[in-house]
Amino acid sequence: MPCFRCGARQTDPVRGASPWKRGVRADHQVLVCPDCQAARDWAADLDRCASCGSAALVCRLGEVECRDCGHTRDAVRDDPPLVRSGAAQADGLSEEVAAALSRVLRRGP
């Protein structure tokens with residue numbers, strides 16, 4: 001899943017906690033890359049908990065849950081996930097997949 005703001009893709013993680021943050025926007029789980037987190041208030045564009053106002057939401061199994069207060073509600077998903085213009089483009093995706101397969105299968109470039 002790419003960053004919902006800039007479209008950057010996650011790379012293979014290193015050991016330890018991921019620098020990517022997750023949140024919910026329009027009842028869809030989204031990721032925010034470290035660069036977008038540093039650029040400005042990255043949580044301003046995310047959904048908030050109706051009970052406590054926190055942006056620490058997760059969406060799973062058709063529900064949105066607040067990680068701060070535990071409030072849950074049904075996720076309403078009539079539209080596809082909201083991604084900023086240009087971020088959802090698949091430009092270069094096939095090349096990225098081919099390169100990853102080559103690395104995994106130890107083929108030359």
# chains A, B, ... in the order shown; residues from 1 in each chain; ligands from 1
>>> residues_around(residues="Gln29 in chain A", least_positions_apart="3", cutoff="9 Å", atoms="only C-alpha atoms", output="list in words")
Arg22, Gly23, Val24, Arg25, Ala26, Leu57, Val58, Cys59, Arg60, Val64 and Pro81 of chain A
>>> write_last_selection(atoms="C-alpha atoms", output="PDB file, in the first residue's frame")
ATOM      1  CA  ARG A  22      -1.129   4.238   9.637  1.00  0.00           C
ATOM      2  CA  GLY A  23      -4.452   5.904   9.970  1.00  0.00           C
ATOM      3  CA  VAL A  24      -7.958   5.985   8.559  1.00  0.00           C
ATOM      4  CA  ARG A  25      -9.255   8.311   5.860  1.00  0.00           C
ATOM      5  CA  ALA A  26     -12.845   8.032   4.592  1.00  0.00           C
ATOM      6  CA  LEU A  57      -7.713   4.843  14.255  1.00  0.00           C
ATOM      7  CA  VAL A  58      -7.418   1.433  12.618  1.00  0.00           C
ATOM      8  CA  CYS A  59      -9.802  -0.088  10.128  1.00  0.00           C
ATOM      9  CA  ARG A  60     -10.240  -3.848  10.135  1.00  0.00           C
ATOM     10  CA  VAL A  64     -13.069   1.458  12.586  1.00  0.00           C
ATOM     11  CA  PRO A  81      -9.821   4.742  -0.969  1.00  0.00           C
TER      12      PRO A  81
END
>>> residues_around(residues="range 33-45 of chain A", least_positions_apart="2", cutoff="9 Å", atoms="only C-alpha atoms", output="list in words")
Pro2, Cys3, Phe4, Arg5, Cys6, Gly7, Ala8, Arg9, Gln10, Pro19, Trp20, Lys21, Arg22, Gly23, Arg25, Leu31, Asp47, Ala55 and Ala56 of chain A
>>> write_last_selection(atoms="N, CA and C atoms", output="PDB file, in the first residue's frame")
ATOM      1  N   PRO A   2       0.684   2.162  -0.913  1.00  0.00           N
ATOM      2  CA  PRO A   2       1.516   3.369  -0.959  1.00  0.00           C
ATOM      3  C   PRO A   2       1.063   4.413   0.068  1.00  0.00           C
ATOM      4  N   CYS A   3       1.916   5.408   0.275  1.00  0.00           N
ATOM      5  CA  CYS A   3       1.565   6.549   1.119  1.00  0.00           C
ATOM      6  C   CYS A   3       0.375   7.258   0.477  1.00  0.00           C
ATOM      7  N   PHE A   4      -0.634   7.577   1.255  1.00  0.00           N
ATOM      8  CA  PHE A   4      -1.832   8.187   0.673  1.00  0.00           C
ATOM      9  C   PHE A   4      -1.587   9.628   0.244  1.00  0.00           C
ATOM     10  N   ARG A   5      -0.537  10.262   0.743  1.00  0.00           N
ATOM     11  CA  ARG A   5      -0.268  11.650   0.383  1.00  0.00           C
ATOM     12  C   ARG A   5       0.599  11.770  -0.861  1.00  0.00           C
ATOM     13  N   CYS A   6       1.710  11.021  -0.928  1.00  0.00           N
ATOM     14  CA  CYS A   6       2.663  11.210  -2.027  1.00  0.00           C
ATOM     15  C   CYS A   6       2.776  10.007  -2.952  1.00  0.00           C
ATOM     16  N   GLY A   7       2.247   8.861  -2.557  1.00  0.00           N
ATOM     17  CA  GLY A   7       2.291   7.669  -3.395  1.00  0.00           C
ATOM     18  C   GLY A   7       3.556   6.846  -3.254  1.00  0.00           C
ATOM     19  N   ALA A   8       4.471   7.228  -2.356  1.00  0.00           N
ATOM     20  CA  ALA A   8       5.698   6.458  -2.152  1.00  0.00           C
ATOM     21  C   ALA A   8       5.340   5.059  -1.675  1.00  0.00           C
ATOM     22  N   ARG A   9       6.118   4.103  -2.122  1.00  0.00           N
ATOM     23  CA  ARG A   9       5.875   2.713  -1.731  1.00  0.00           C
ATOM     24  C   ARG A   9       6.829   2.310  -0.619  1.00  0.00           C
ATOM     25  N   GLN A  10       6.333   1.456   0.274  1.00  0.00           N
ATOM     26  CA  GLN A  10       7.174   0.932   1.337  1.00  0.00           C
ATOM     27  C   GLN A  10       8.221   0.009   0.742  1.00  0.00           C
ATOM     28  N   PRO A  19       8.927   3.071  10.439  1.00  0.00           N
ATOM     29  CA  PRO A  19       8.761   4.525  10.531  1.00  0.00           C
ATOM     30  C   PRO A  19       7.471   5.001   9.872  1.00  0.00           C
ATOM     31  N   TRP A  20       6.792   4.133   9.144  1.00  0.00           N
ATOM     32  CA  TRP A  20       5.527   4.478   8.501  1.00  0.00           C
ATOM     33  C   TRP A  20       4.430   4.470   9.547  1.00  0.00           C
ATOM     34  N   LYS A  21       3.495   5.418   9.433  1.00  0.00           N
ATOM     35  CA  LYS A  21       2.351   5.493  10.343  1.00  0.00           C
ATOM     36  C   LYS A  21       1.092   5.112   9.574  1.00  0.00           C
ATOM     37  N   ARG A  22       0.140   4.575  10.285  1.00  0.00           N
ATOM     38  CA  ARG A  22      -1.129   4.238   9.637  1.00  0.00           C
ATOM     39  C   ARG A  22      -2.247   5.040  10.272  1.00  0.00           C
ATOM     40  N   GLY A  23      -3.290   5.171   9.509  1.00  0.00           N
ATOM     41  CA  GLY A  23      -4.452   5.904   9.970  1.00  0.00           C
ATOM     42  C   GLY A  23      -5.648   5.531   9.125  1.00  0.00           C
ATOM     43  N   ARG A  25      -8.739   7.165   6.619  1.00  0.00           N
ATOM     44  CA  ARG A  25      -9.255   8.311   5.860  1.00  0.00           C
ATOM     45  C   ARG A  25     -10.441   7.814   5.058  1.00  0.00           C
ATOM     46  N   LEU A  31      -1.594   4.545   4.786  1.00  0.00           N
ATOM     47  CA  LEU A  31      -0.258   4.666   5.343  1.00  0.00           C
ATOM     48  C   LEU A  31       0.286   6.052   5.056  1.00  0.00           C
ATOM     49  N   ASP A  47      -9.175  10.764   9.478  1.00  0.00           N
ATOM     50  CA  ASP A  47     -10.424  10.735  10.230  1.00  0.00           C
ATOM     51  C   ASP A  47     -10.113  10.791  11.723  1.00  0.00           C
ATOM     52  N   ALA A  55      -6.740  10.735  16.282  1.00  0.00           N
ATOM     53  CA  ALA A  55      -6.531  10.262  14.907  1.00  0.00           C
ATOM     54  C   ALA A  55      -5.936   8.859  14.897  1.00  0.00           C
ATOM     55  N   ALA A  56      -5.752   8.248  16.062  1.00  0.00           N
ATOM     56  CA  ALA A  56      -5.165   6.907  16.176  1.00  0.00           C
ATOM     57  C   ALA A  56      -6.229   5.849  15.901  1.00  0.00           C
TER      58      ALA A  56
END
>>> residues_around(residues="His71 in chain A", least_positions_apart="2", cutoff="10 Å", atoms="only C-alpha atoms", output="PDB file with all heavy atoms, in the first residue's frame")
ATOM      1  N   CYS A  49     -11.676  10.114  15.829  1.00  0.00           N
ATOM      2  CA  CYS A  49     -12.610   9.344  16.651  1.00  0.00           C
ATOM      3  C   CYS A  49     -13.769  10.248  17.062  1.00  0.00           C
ATOM      4  O   CYS A  49     -13.555  11.378  17.520  1.00  0.00           O
ATOM      5  CB  CYS A  49     -11.892   8.815  17.891  1.00  0.00           C
ATOM      6  SG  CYS A  49     -12.971   7.973  19.074  1.00  0.00           S
ATOM      7  N   ALA A  50     -14.986   9.755  16.915  1.00  0.00           N
ATOM      8  CA  ALA A  50     -16.162  10.528  17.295  1.00  0.00           C
ATOM      9  C   ALA A  50     -16.273  10.675  18.809  1.00  0.00           C
ATOM     10  O   ALA A  50     -16.908  11.610  19.296  1.00  0.00           O
ATOM     11  CB  ALA A  50     -17.416   9.857  16.752  1.00  0.00           C
ATOM     12  N   SER A  51     -15.627   9.786  19.542  1.00  0.00           N
ATOM     13  CA  SER A  51     -15.725   9.823  20.992  1.00  0.00           C
ATOM     14  C   SER A  51     -14.672  10.721  21.647  1.00  0.00           C
ATOM     15  O   SER A  51     -14.991  11.564  22.464  1.00  0.00           O
ATOM     16  CB  SER A  51     -15.591   8.396  21.544  1.00  0.00           C
ATOM     17  OG  SER A  51     -15.689   8.383  22.939  1.00  0.00           O
ATOM     18  N   CYS A  52     -13.382  10.540  21.244  1.00  0.00           N
ATOM     19  CA  CYS A  52     -12.315  11.288  21.926  1.00  0.00           C
ATOM     20  C   CYS A  52     -11.554  12.250  21.017  1.00  0.00           C
ATOM     21  O   CYS A  52     -10.745  13.031  21.489  1.00  0.00           O
ATOM     22  CB  CYS A  52     -11.328  10.322  22.579  1.00  0.00           C
ATOM     23  SG  CYS A  52     -10.290   9.415  21.424  1.00  0.00           S
ATOM     24  N   LEU A  57      -6.675   5.789  14.649  1.00  0.00           N
ATOM     25  CA  LEU A  57      -7.713   4.843  14.255  1.00  0.00           C
ATOM     26  C   LEU A  57      -7.129   3.723  13.408  1.00  0.00           C
ATOM     27  O   LEU A  57      -6.154   3.923  12.692  1.00  0.00           O
ATOM     28  CB  LEU A  57      -8.800   5.553  13.448  1.00  0.00           C
ATOM     29  CG  LEU A  57      -9.507   6.735  14.106  1.00  0.00           C
ATOM     30  CD1 LEU A  57     -10.499   7.358  13.140  1.00  0.00           C
ATOM     31  CD2 LEU A  57     -10.204   6.308  15.380  1.00  0.00           C
ATOM     32  N   VAL A  64     -14.107   0.478  12.281  1.00  0.00           N
ATOM     33  CA  VAL A  64     -13.069   1.458  12.586  1.00  0.00           C
ATOM     34  C   VAL A  64     -12.979   1.520  14.103  1.00  0.00           C
ATOM     35  O   VAL A  64     -13.979   1.715  14.794  1.00  0.00           O
ATOM     36  CB  VAL A  64     -13.417   2.853  12.010  1.00  0.00           C
ATOM     37  CG1 VAL A  64     -12.382   3.872  12.423  1.00  0.00           C
ATOM     38  CG2 VAL A  64     -13.537   2.786  10.500  1.00  0.00           C
ATOM     39  N   GLU A  65     -11.753   1.325  14.623  1.00  0.00           N
ATOM     40  CA  GLU A  65     -11.547   1.314  16.065  1.00  0.00           C
ATOM     41  C   GLU A  65     -10.519   2.364  16.456  1.00  0.00           C
ATOM     42  O   GLU A  65      -9.503   2.543  15.795  1.00  0.00           O
ATOM     43  CB  GLU A  65     -11.043  -0.053  16.525  1.00  0.00           C
ATOM     44  CG  GLU A  65     -10.790  -0.129  18.014  1.00  0.00           C
ATOM     45  CD  GLU A  65     -10.261  -1.480  18.462  1.00  0.00           C
ATOM     46  OE1 GLU A  65     -10.265  -2.438  17.674  1.00  0.00           O
ATOM     47  OE2 GLU A  65      -9.824  -1.556  19.621  1.00  0.00           O
ATOM     48  N   CYS A  66     -10.797   3.063  17.542  1.00  0.00           N
ATOM     49  CA  CYS A  66      -9.860   4.036  18.089  1.00  0.00           C
ATOM     50  C   CYS A  66      -8.878   3.305  18.993  1.00  0.00           C
ATOM     51  O   CYS A  66      -9.285   2.583  19.911  1.00  0.00           O
ATOM     52  CB  CYS A  66     -10.612   5.112  18.883  1.00  0.00           C
ATOM     53  SG  CYS A  66      -9.500   6.320  19.652  1.00  0.00           S
ATOM     54  N   ARG A  67      -7.593   3.497  18.734  1.00  0.00           N
ATOM     55  CA  ARG A  67      -6.573   2.840  19.542  1.00  0.00           C
ATOM     56  C   ARG A  67      -6.362   3.544  20.872  1.00  0.00           C
ATOM     57  O   ARG A  67      -5.743   2.989  21.768  1.00  0.00           O
ATOM     58  CB  ARG A  67      -5.272   2.757  18.759  1.00  0.00           C
ATOM     59  CG  ARG A  67      -5.434   1.873  17.523  1.00  0.00           C
ATOM     60  CD  ARG A  67      -4.209   1.800  16.690  1.00  0.00           C
ATOM     61  NE  ARG A  67      -3.213   0.981  17.368  1.00  0.00           N
ATOM     62  CZ  ARG A  67      -1.936   0.996  17.093  1.00  0.00           C
ATOM     63  NH1 ARG A  67      -1.474   1.803  16.153  1.00  0.00           N
ATOM     64  NH2 ARG A  67      -1.097   0.229  17.737  1.00  0.00           N
ATOM     65  N   ASP A  68      -6.881   4.756  21.014  1.00  0.00           N
ATOM     66  CA  ASP A  68      -6.734   5.479  22.277  1.00  0.00           C
ATOM     67  C   ASP A  68      -7.843   5.146  23.271  1.00  0.00           C
ATOM     68  O   ASP A  68      -7.579   4.843  24.427  1.00  0.00           O
ATOM     69  CB  ASP A  68      -6.693   6.983  22.036  1.00  0.00           C
ATOM     70  CG  ASP A  68      -5.362   7.446  21.470  1.00  0.00           C
ATOM     71  OD1 ASP A  68      -4.374   6.683  21.556  1.00  0.00           O
ATOM     72  OD2 ASP A  68      -5.309   8.562  20.935  1.00  0.00           O
ATOM     73  N   CYS A  69      -9.108   5.207  22.829  1.00  0.00           N
ATOM     74  CA  CYS A  69     -10.215   5.002  23.770  1.00  0.00           C
ATOM     75  C   CYS A  69     -10.987   3.706  23.547  1.00  0.00           C
ATOM     76  O   CYS A  69     -11.833   3.351  24.364  1.00  0.00           O
ATOM     77  CB  CYS A  69     -11.166   6.198  23.730  1.00  0.00           C
ATOM     78  SG  CYS A  69     -12.220   6.276  22.258  1.00  0.00           S
ATOM     79  N   ARG A  73     -16.884   1.608  15.522  1.00  0.00           N
ATOM     80  CA  ARG A  73     -18.063   1.887  14.704  1.00  0.00           C
ATOM     81  C   ARG A  73     -17.908   1.121  13.398  1.00  0.00           C
ATOM     82  O   ARG A  73     -16.808   0.695  13.036  1.00  0.00           O
ATOM     83  CB  ARG A  73     -18.224   3.373  14.447  1.00  0.00           C
ATOM     84  CG  ARG A  73     -17.088   3.984  13.642  1.00  0.00           C
ATOM     85  CD  ARG A  73     -17.379   5.436  13.304  1.00  0.00           C
ATOM     86  NE  ARG A  73     -16.257   6.071  12.642  1.00  0.00           N
ATOM     87  CZ  ARG A  73     -15.951   5.934  11.354  1.00  0.00           C
ATOM     88  NH1 ARG A  73     -16.700   5.175  10.574  1.00  0.00           N
ATOM     89  NH2 ARG A  73     -14.915   6.546  10.829  1.00  0.00           N
TER      90      ARG A  73
END
>>> select_by_dssp(residues="chain A", states="strand (DSSP E or B)", output="PyMOL selection string")
chain A and resi 3+21-25+28-32+57-60+63-66+72-74
>>> atom_distance(atom1="CA of Arg106 in chain A", atom2="CA of Thr11 in chain A")
18.0 Å
>>> select_by_dssp(residues="range 1-99 of chain A", states="alpha helix (DSSP H)", output="list in words")
Pro34, Asp35, Cys36, Gln37, Ala38, Ala39, Leu93, Ser94, Glu95, Glu96, Val97, Ala98 and Ala99 of chain A
>>> residues_around(residues="Leu61 in chain A", least_positions_apart="6", cutoff="12 Å", atoms="only C-alpha atoms", output="JSON list (two decimals) with all heavy atoms, in the first residue's frame")
[["chain", "number", "residue", "atom", "x", "y", "z"],
["A", 27, "ASP", "N", -12.88, 6.08, 6.03],
["A", 27, "ASP", "CA", -13.11, 4.69, 6.43],
["A", 27, "ASP", "C", -12.26, 3.67, 5.68],
["A", 27, "ASP", "O", -12.63, 2.52, 5.53],
["A", 27, "ASP", "CB", -14.59, 4.34, 6.33],
["A", 27, "ASP", "CG", -15.41, 5.02, 7.39],
["A", 27, "ASP", "OD1", -14.83, 5.63, 8.31],
["A", 27, "ASP", "OD2", -16.65, 4.95, 7.34],
["A", 28, "HIS", "N", -11.10, 4.10, 5.20],
["A", 28, "HIS", "CA", -10.13, 3.20, 4.57],
["A", 28, "HIS", "C", -8.81, 3.33, 5.32],
["A", 28, "HIS", "O", -8.39, 4.43, 5.67],
["A", 28, "HIS", "CB", -9.89, 3.58, 3.10],
["A", 28, "HIS", "CG", -11.04, 3.30, 2.21],
["A", 28, "HIS", "ND1", -11.27, 2.08, 1.65],
["A", 28, "HIS", "CD2", -12.05, 4.10, 1.79],
["A", 28, "HIS", "CE1", -12.36, 2.13, 0.90],
["A", 28, "HIS", "NE2", -12.86, 3.35, 0.99],
["A", 29, "GLN", "N", -8.16, 2.19, 5.56],
["A", 29, "GLN", "CA", -6.83, 2.19, 6.18],
["A", 29, "GLN", "C", -5.85, 2.82, 5.20],
["A", 29, "GLN", "O", -5.85, 2.48, 4.01],
["A", 29, "GLN", "CB", -6.40, 0.76, 6.49],
["A", 29, "GLN", "CG", -5.13, 0.65, 7.28],
["A", 29, "GLN", "CD", -5.35, 0.85, 8.76],
["A", 29, "GLN", "OE1", -6.36, 0.44, 9.30],
["A", 29, "GLN", "NE2", -4.42, 1.49, 9.42],
["A", 72, "THR", "N", -15.55, 1.86, 18.85],
["A", 72, "THR", "CA", -15.65, 1.22, 17.53],
["A", 72, "THR", "C", -16.94, 1.65, 16.85],
["A", 72, "THR", "O", -17.92, 1.99, 17.50],
["A", 72, "THR", "CB", -15.61, -0.32, 17.62],
["A", 72, "THR", "OG1", -16.72, -0.76, 18.40],
["A", 72, "THR", "CG2", -14.32, -0.81, 18.21],
["A", 73, "ARG", "N", -16.88, 1.61, 15.52],
["A", 73, "ARG", "CA", -18.06, 1.89, 14.70],
["A", 73, "ARG", "C", -17.91, 1.12, 13.40],
["A", 73, "ARG", "O", -16.81, 0.69, 13.04],
["A", 73, "ARG", "CB", -18.22, 3.37, 14.45],
["A", 73, "ARG", "CG", -17.09, 3.98, 13.64],
["A", 73, "ARG", "CD", -17.38, 5.44, 13.30],
["A", 73, "ARG", "NE", -16.26, 6.07, 12.64],
["A", 73, "ARG", "CZ", -15.95, 5.93, 11.35],
["A", 73, "ARG", "NH1", -16.70, 5.18, 10.57],
["A", 73, "ARG", "NH2", -14.91, 6.55, 10.83],
["A", 74, "ASP", "N", -19.02, 0.93, 12.70],
["A", 74, "ASP", "CA", -18.97, 0.27, 11.40],
["A", 74, "ASP", "C", -18.32, 1.19, 10.38],
["A", 74, "ASP", "O", -18.54, 2.40, 10.37],
["A", 74, "ASP", "CB", -20.38, -0.09, 10.91],
["A", 74, "ASP", "CG", -21.00, -1.22, 11.71],
["A", 74, "ASP", "OD1", -20.24, -2.01, 12.31],
["A", 74, "ASP", "OD2", -22.24, -1.32, 11.74],
["A", 75, "ALA", "N", -17.49, 0.60, 9.52],
["A", 75, "ALA", "CA", -16.88, 1.35, 8.42],
["A", 75, "ALA", "C", -17.87, 1.44, 7.28],
["A", 75, "ALA", "O", -18.51, 0.45, 6.92],
["A", 75, "ALA", "CB", -15.61, 0.66, 7.95],
["A", 76, "VAL", "N", -18.03, 2.63, 6.73],
["A", 76, "VAL", "CA", -18.93, 2.86, 5.61],
["A", 76, "VAL", "C", -18.06, 3.13, 4.40],
["A", 76, "VAL", "O", -17.40, 4.16, 4.32],
["A", 76, "VAL", "CB", -19.87, 4.05, 5.87],
["A", 76, "VAL", "CG1", -20.79, 4.28, 4.68],
["A", 76, "VAL", "CG2", -20.66, 3.83, 7.14],
["A", 77, "ARG", "N", -18.04, 2.19, 3.44],
["A", 77, "ARG", "CA", -17.14, 2.31, 2.29],
["A", 77, "ARG", "C", -17.92, 2.22, 1.00],
["A", 77, "ARG", "O", -18.04, 1.16, 0.40],
["A", 77, "ARG", "CB", -16.12, 1.19, 2.31],
["A", 77, "ARG", "CG", -15.21, 1.23, 3.48],
["A", 77, "ARG", "CD", -14.17, 0.17, 3.33],
["A", 77, "ARG", "NE", -13.49, -0.02, 4.58],
["A", 77, "ARG", "CZ", -12.85, -1.10, 4.91],
["A", 77, "ARG", "NH1", -12.78, -2.09, 4.08],
["A", 77, "ARG", "NH2", -12.26, -1.19, 6.08]]
